[in-house]
There are 2 protein chains.
Amino acid sequence: MSNSDSFNSKCRIIVDAMGGDYAPQNAVLGAVQAYEERKDFELFLIGREKEILSVLSENKVSFPKGNIIHAEDVIEMGDSKPTAAIKSKPKSSIVAGVTLVKEKKADAFISAGNTGAVMAAATLIMGRIEGIGRPTMGAPMPNTTGVCTIFDVGASVDSKPKHLLEYAIMGTIYTKEIFGIENPSVGILSVGEEESKGSEVSLAASELIKKTNLNFKGNVEGGDILKGTVNVVICDGFTGNILLKFGEAVIPLLRFKFAEYAKKGLTNLLKIAIAKSAMKVILKDFSYEEQGGVPLLGVNGICMIGHGRSTAKAIKNLVFRAEYMYKKDLIKKFESSIKQYSHL
Amino acid sequence: MSNSDSFNSKCRIIVDAMGGDYAPQNAVLGAVQAYEERKDFELFLIGREKEILSVLSENKVSFPKGNIIHAEDVIEMGDSKPTAAIKSKPKSSIVAGVTLVKEKKADAFISAGNTGAVMAAATLIMGRIEGIGRPTMGAPMPNTTGVCTIFDVGASVDSKPKHLLEYAIMGTIYTKEIFGIENPSVGILSVGEEESKGSEVSLAASELIKKTNLNFKGNVEGGDILKGTVNVVICDGFTGNILLKFGEAVIPLLRFKFAEYAKKGLTNLLKIAIAKSAMKVILKDFSYEEQGGVPLLGVNGICMIGHGRSTAKAIKNLVFRAEYMYKKDLIKKFESSIKQYSHL
């Protein structure tokens, strides 16, 4: 691993081989697939070397042994005390991986492991960008016009108005650079379109965002996320996380209803069979796999958090996304924009 | 209109003829259809008599003129200052209708009109049940096991822990009596299943609900609403309203995606055409029309609030629901249960 942190060099990406419900299998294969497809970045796998090598050999995949970083410990998916876990397991893949980014020995860390632990490790070890009070996770949602990104989807609860301002600033830059939307419009989630409607936090946050030169459209409602009213939706992490998980459960419920319907006779079964190939294409937009996972923005380095159930494809897409974030120099752009609004 | 408020008498229901985007047409026709189907309640239409009579005659529908209550004023759907509107329009159908329930001249008021105005009028004029700090609106959501009711979906923002306790108490009774679920399980929306996860409000509310003998299951996540994990989900009105509106936008987005897919060639078009009849049955569970609207619980009388876009069918279903709530003596059940927990 080179020690350079020059922006023009190849992005150095570390993938947590031990992260996710299907680790190390999916994490290792997804990362290697990404590398084989593109090769325009440096890739490292971190975790228990023996287990990584075993996945590689079982799947007859080659990967340079020098790019495997051994980490003895694993923070389990179900560990509900992330801060304690990262303290008690300094040799875990998550802590060791994040530390390498902190030490500028890598540019990005990707994990589908324990979300709380990845967030805590990234925040405590990489540190926050100057001026950022709370890092944020953003998720894209499908809509009629393309995509709408939501910030925050659960990096913090009890977000303060100042944090929502930070989400709006970073969300705007992320949506512009990653989704190529010029001057993205920003809305704040509320219970009505009228300016007077909202919670104490959303109303105070609106007042702050209004003072920026972001393309702020004021209040939007829950339905506007899917209608494509704005490109970026800002909300507290409690509401955003609940929305994200509700959204993820829609397709499984529809599938369940389809299956129930199909059971009710041959005609139904035939209709569903015919509709299935259509559904597959249509529902692709709703799949987390295409996006891979969510970025943790506001920390001093690129950190991507995958879904616990990440497939190899999801991991692959996370690697590409991380590389793109590096190429777009997002961290520096966040820094300068946050600085610009430091008086608010 | 009789002056009796004895529980054994027929339920006296007032329908706001002027409420909703398609009023008076849908409100009048839906109410009359309900009455013609069942006739086991007394029905009154409130609003501009001339307009009501005109809808009746245009549609060749008969309805006793004596059951039309003239109200000269209308609070508009778009009126964003509900409290001011109810003060400046005492002769509006909403204010006059709610007042009749307050005066025990009717048992239930139904309106698909301005939600804020109906809530404000019901709360200020009917008054709250003793011990209730904030009324709540509950909405049913479809899931794999039947239905899950969510409280609050927007009667108030910045709900306090004590209010969430009230939602849990009334939500339990409502779900038991209306959906026939014995000892309904209750969950509180949070960002993780672990007991330690949540916002300040959700954590404090959990502590309160734990002290009751409700069937409380602790934290649930956004996806649990659709998975059928619990029968009743409790949350602050800000989060609940955003979720409800997000949920309502899912089907229109799917329809849009289907239509887009169908445009891409004859095979696609055929597949969608065949799938359509299946979709119609499947998506019925997701339609607000079947439920009609949401109840406002915690006020001294039955008050049902319809969707602004209410069809006649939706209004009809609201009438049946109101009558059922009356039959089940819900208000008295709320009163005694709230009293039981007044020490919390």
# chains A, B, ... in the order shown; residues from 1 in each chain; ligands from 1
>>> select_by_dssp(residues="range 3-179 of chain B", states="strand (DSSP E)", output="ChimeraX atom specification")
/B:12-16,42-47,68-70,108-111,136-142,147-151
>>> write_last_selection(atoms="C-alpha atoms", output="tab-separated table (two decimals), in the first residue's frame")
chain	number	residue	atom	x	y	z
B	12	ARG	CA	-77.00	9.86	14.36
B	13	ILE	CA	-74.39	10.63	11.73
B	14	ILE	CA	-73.75	14.00	10.13
B	15	VAL	CA	-71.89	14.04	6.83
B	16	ASP	CA	-70.25	17.25	5.69
B	42	GLU	CA	-79.91	8.23	11.16
B	43	LEU	CA	-78.19	10.26	8.49
B	44	PHE	CA	-77.93	14.02	8.12
B	45	LEU	CA	-76.27	16.03	5.40
B	46	ILE	CA	-74.86	19.41	6.36
B	47	GLY	CA	-73.95	22.16	3.90
B	68	ILE	CA	-80.58	18.25	5.32
B	69	ILE	CA	-79.06	20.82	7.68
B	70	HIS	CA	-78.36	24.09	5.95
B	108	ALA	CA	-70.75	11.32	14.71
B	109	PHE	CA	-69.37	13.87	12.29
B	110	ILE	CA	-67.74	12.88	9.01
B	111	SER	CA	-65.87	15.20	6.68
B	136	THR	CA	-54.73	11.24	17.44
B	137	MET	CA	-55.49	10.06	13.92
B	138	GLY	CA	-54.90	6.42	13.13
B	139	ALA	CA	-54.47	4.79	9.74
B	140	PRO	CA	-54.51	1.13	8.79
B	141	MET	CA	-51.69	-0.18	6.58
B	142	PRO	CA	-51.79	-3.49	4.72
B	147	VAL	CA	-53.71	-4.94	8.85
B	148	CYS	CA	-51.53	-2.81	11.10
B	149	THR	CA	-52.84	0.45	12.51
B	150	ILE	CA	-50.53	3.41	13.00
B	151	PHE	CA	-51.07	6.17	15.55
>>> calpha_fit_rmsd(fixed="chain B", moving="chain A")
0.0 Å
>>> residues_around(residues="Phe179 in chain B", least_positions_apart="4", cutoff="12 Å", atoms="only C-alpha atoms", output="PyMOL selection string")
chain B and resi 140+146-149+171-175+183-184+231-232+291+321+324-325+328
>>> closest_atom_pairs(of="chain B", to="chain A", cutoff="8 Å", atoms="only C-alpha atoms", output="JSON lines")
{"residue": "B:Ser80", "atom": "CA", "partner": "A:Glu194", "partner_atom": "CA", "distance": 7.2}
{"residue": "B:Asn143", "atom": "CA", "partner": "A:Leu253", "partner_atom": "CA", "distance": 6.7}
{"residue": "B:Thr144", "atom": "CA", "partner": "A:Leu253", "partner_atom": "CA", "distance": 6.5}
{"residue": "B:Gly154", "atom": "CA", "partner": "A:Val191", "partner_atom": "CA", "distance": 7.2}
{"residue": "B:Val157", "atom": "CA", "partner": "A:Ser199", "partner_atom": "CA", "distance": 5.6}
{"residue": "B:Asp158", "atom": "CA", "partner": "A:Ser199", "partner_atom": "CA", "distance": 5.7}
{"residue": "B:Leu189", "atom": "CA", "partner": "A:Ile242", "partner_atom": "CA", "distance": 7.4}
{"residue": "B:Ser190", "atom": "CA", "partner": "A:Ile242", "partner_atom": "CA", "distance": 6.9}
{"residue": "B:Val191", "atom": "CA", "partner": "A:Asn241", "partner_atom": "CA", "distance": 6.1}
{"residue": "B:Glu194", "atom": "CA", "partner": "A:Ser80", "partner_atom": "CA", "distance": 7.1}
{"residue": "B:Gly198", "atom": "CA", "partner": "A:Val157", "partner_atom": "CA", "distance": 7.0}
{"residue": "B:Ser199", "atom": "CA", "partner": "A:Val157", "partner_atom": "CA", "distance": 5.6}
{"residue": "B:Glu200", "atom": "CA", "partner": "A:Asp158", "partner_atom": "CA", "distance": 7.0}
{"residue": "B:Glu221", "atom": "CA", "partner": "A:Ile242", "partner_atom": "CA", "distance": 6.2}
{"residue": "B:Gly222", "atom": "CA", "partner": "A:Ile242", "partner_atom": "CA", "distance": 4.3}
{"residue": "B:Gly223", "atom": "CA", "partner": "A:Phe246", "partner_atom": "CA", "distance": 4.2}
{"residue": "B:Asp224", "atom": "CA", "partner": "A:Phe246", "partner_atom": "CA", "distance": 7.5}
{"residue": "B:Ile225", "atom": "CA", "partner": "A:Phe246", "partner_atom": "CA", "distance": 7.2}
{"residue": "B:Leu226", "atom": "CA", "partner": "A:Ala249", "partner_atom": "CA", "distance": 6.3}
{"residue": "B:Lys227", "atom": "CA", "partner": "A:Leu253", "partner_atom": "CA", "distance": 7.1}
{"residue": "B:Phe238", "atom": "CA", "partner": "A:Val191", "partner_atom": "CA", "distance": 6.3}
{"residue": "B:Thr239", "atom": "CA", "partner": "A:Thr239", "partner_atom": "CA", "distance": 5.5}
{"residue": "B:Asn241", "atom": "CA", "partner": "A:Val191", "partner_atom": "CA", "distance": 6.2}
{"residue": "B:Ile242", "atom": "CA", "partner": "A:Gly222", "partner_atom": "CA", "distance": 4.3}
{"residue": "B:Leu243", "atom": "CA", "partner": "A:Gly222", "partner_atom": "CA", "distance": 6.2}
{"residue": "B:Leu244", "atom": "CA", "partner": "A:Gly222", "partner_atom": "CA", "distance": 7.3}
{"residue": "B:Lys245", "atom": "CA", "partner": "A:Gly223", "partner_atom": "CA", "distance": 4.8}
{"residue": "B:Phe246", "atom": "CA", "partner": "A:Gly223", "partner_atom": "CA", "distance": 4.2}
{"residue": "B:Gly247", "atom": "CA", "partner": "A:Gly223", "partner_atom": "CA", "distance": 7.2}
{"residue": "B:Glu248", "atom": "CA", "partner": "A:Gly223", "partner_atom": "CA", "distance": 6.8}
{"residue": "B:Ala249", "atom": "CA", "partner": "A:Gly223", "partner_atom": "CA", "distance": 5.0}
{"residue": "B:Val250", "atom": "CA", "partner": "A:Leu226", "partner_atom": "CA", "distance": 7.0}
{"residue": "B:Leu253", "atom": "CA", "partner": "A:Thr144", "partner_atom": "CA", "distance": 6.6}
{"residue": "B:Phe256", "atom": "CA", "partner": "A:Thr144", "partner_atom": "CA", "distance": 7.0}
{"residue": "B:Lys257", "atom": "CA", "partner": "A:Ile282", "partner_atom": "CA", "distance": 6.3}
{"residue": "B:Phe258", "atom": "CA", "partner": "A:Ile282", "partner_atom": "CA", "distance": 6.9}
{"residue": "B:Tyr261", "atom": "CA", "partner": "A:Ile282", "partner_atom": "CA", "distance": 7.1}
{"residue": "B:Asn268", "atom": "CA", "partner": "A:Ala278", "partner_atom": "CA", "distance": 7.0}
{"residue": "B:Lys271", "atom": "CA", "partner": "A:Ala275", "partner_atom": "CA", "distance": 5.6}
{"residue": "B:Ile272", "atom": "CA", "partner": "A:Ala275", "partner_atom": "CA", "distance": 6.6}
{"residue": "B:Ile274", "atom": "CA", "partner": "A:Lys271", "partner_atom": "CA", "distance": 6.1}
{"residue": "B:Ala275", "atom": "CA", "partner": "A:Ala275", "partner_atom": "CA", "distance": 5.1}
{"residue": "B:Ala278", "atom": "CA", "partner": "A:Lys271", "partner_atom": "CA", "distance": 6.8}
{"residue": "B:Ile282", "atom": "CA", "partner": "A:Lys257", "partner_atom": "CA", "distance": 6.3}
>>> residues_around(residues="Ser185 in chain A", least_positions_apart="6", cutoff="9 Å", atoms="only C-alpha atoms", output="list in words")
Thr172, Leu214, Asn215, Phe216, Lys217, Thr229, Val230, Asn231, Val232 and Val233 of chain A
>>> write_last_selection(atoms="C-alpha atoms", output="PDB file, in the first residue's frame")
ATOM      1  CA  THR A 172     -26.679  18.860  -2.492  1.00  0.00           C
ATOM      2  CA  LEU A 214     -28.811  26.126  -2.037  1.00  0.00           C
ATOM      3  CA  ASN A 215     -31.758  25.534  -4.368  1.00  0.00           C
ATOM      4  CA  PHE A 216     -34.145  25.248  -1.411  1.00  0.00           C
ATOM      5  CA  LYS A 217     -37.823  24.672  -2.120  1.00  0.00           C
ATOM      6  CA  THR A 229     -40.847  16.971  -6.533  1.00  0.00           C
ATOM      7  CA  VAL A 230     -37.265  17.683  -5.480  1.00  0.00           C
ATOM      8  CA  ASN A 231     -33.864  16.036  -5.957  1.00  0.00           C
ATOM      9  CA  VAL A 232     -32.773  16.059  -2.324  1.00  0.00           C
ATOM     10  CA  VAL A 233     -34.964  15.521   0.736  1.00  0.00           C
TER      11      VAL A 233
END
>>> residues_around(residues="Lys89 in chain B", least_positions_apart="3", cutoff="12 Å", atoms="only C-alpha atoms", output="number ranges by chain")
B: 71-76, 79, 81-86, 92-96, 117, 121
>>> select_by_dssp(residues="range 57-273 of chain B", states="helix (DSSP H, G or I)", output="NGL selection string")
:B and (57-58 or 65-67 or 82-88 or 93-102 or 115-126 or 161-179 or 200-210 or 224-227 or 237-262 or 266-273)
>>> atom_distance(atom1="CA of Pro24 in chain A", atom2="CA of Lys87 in chain A")
22.6 Å
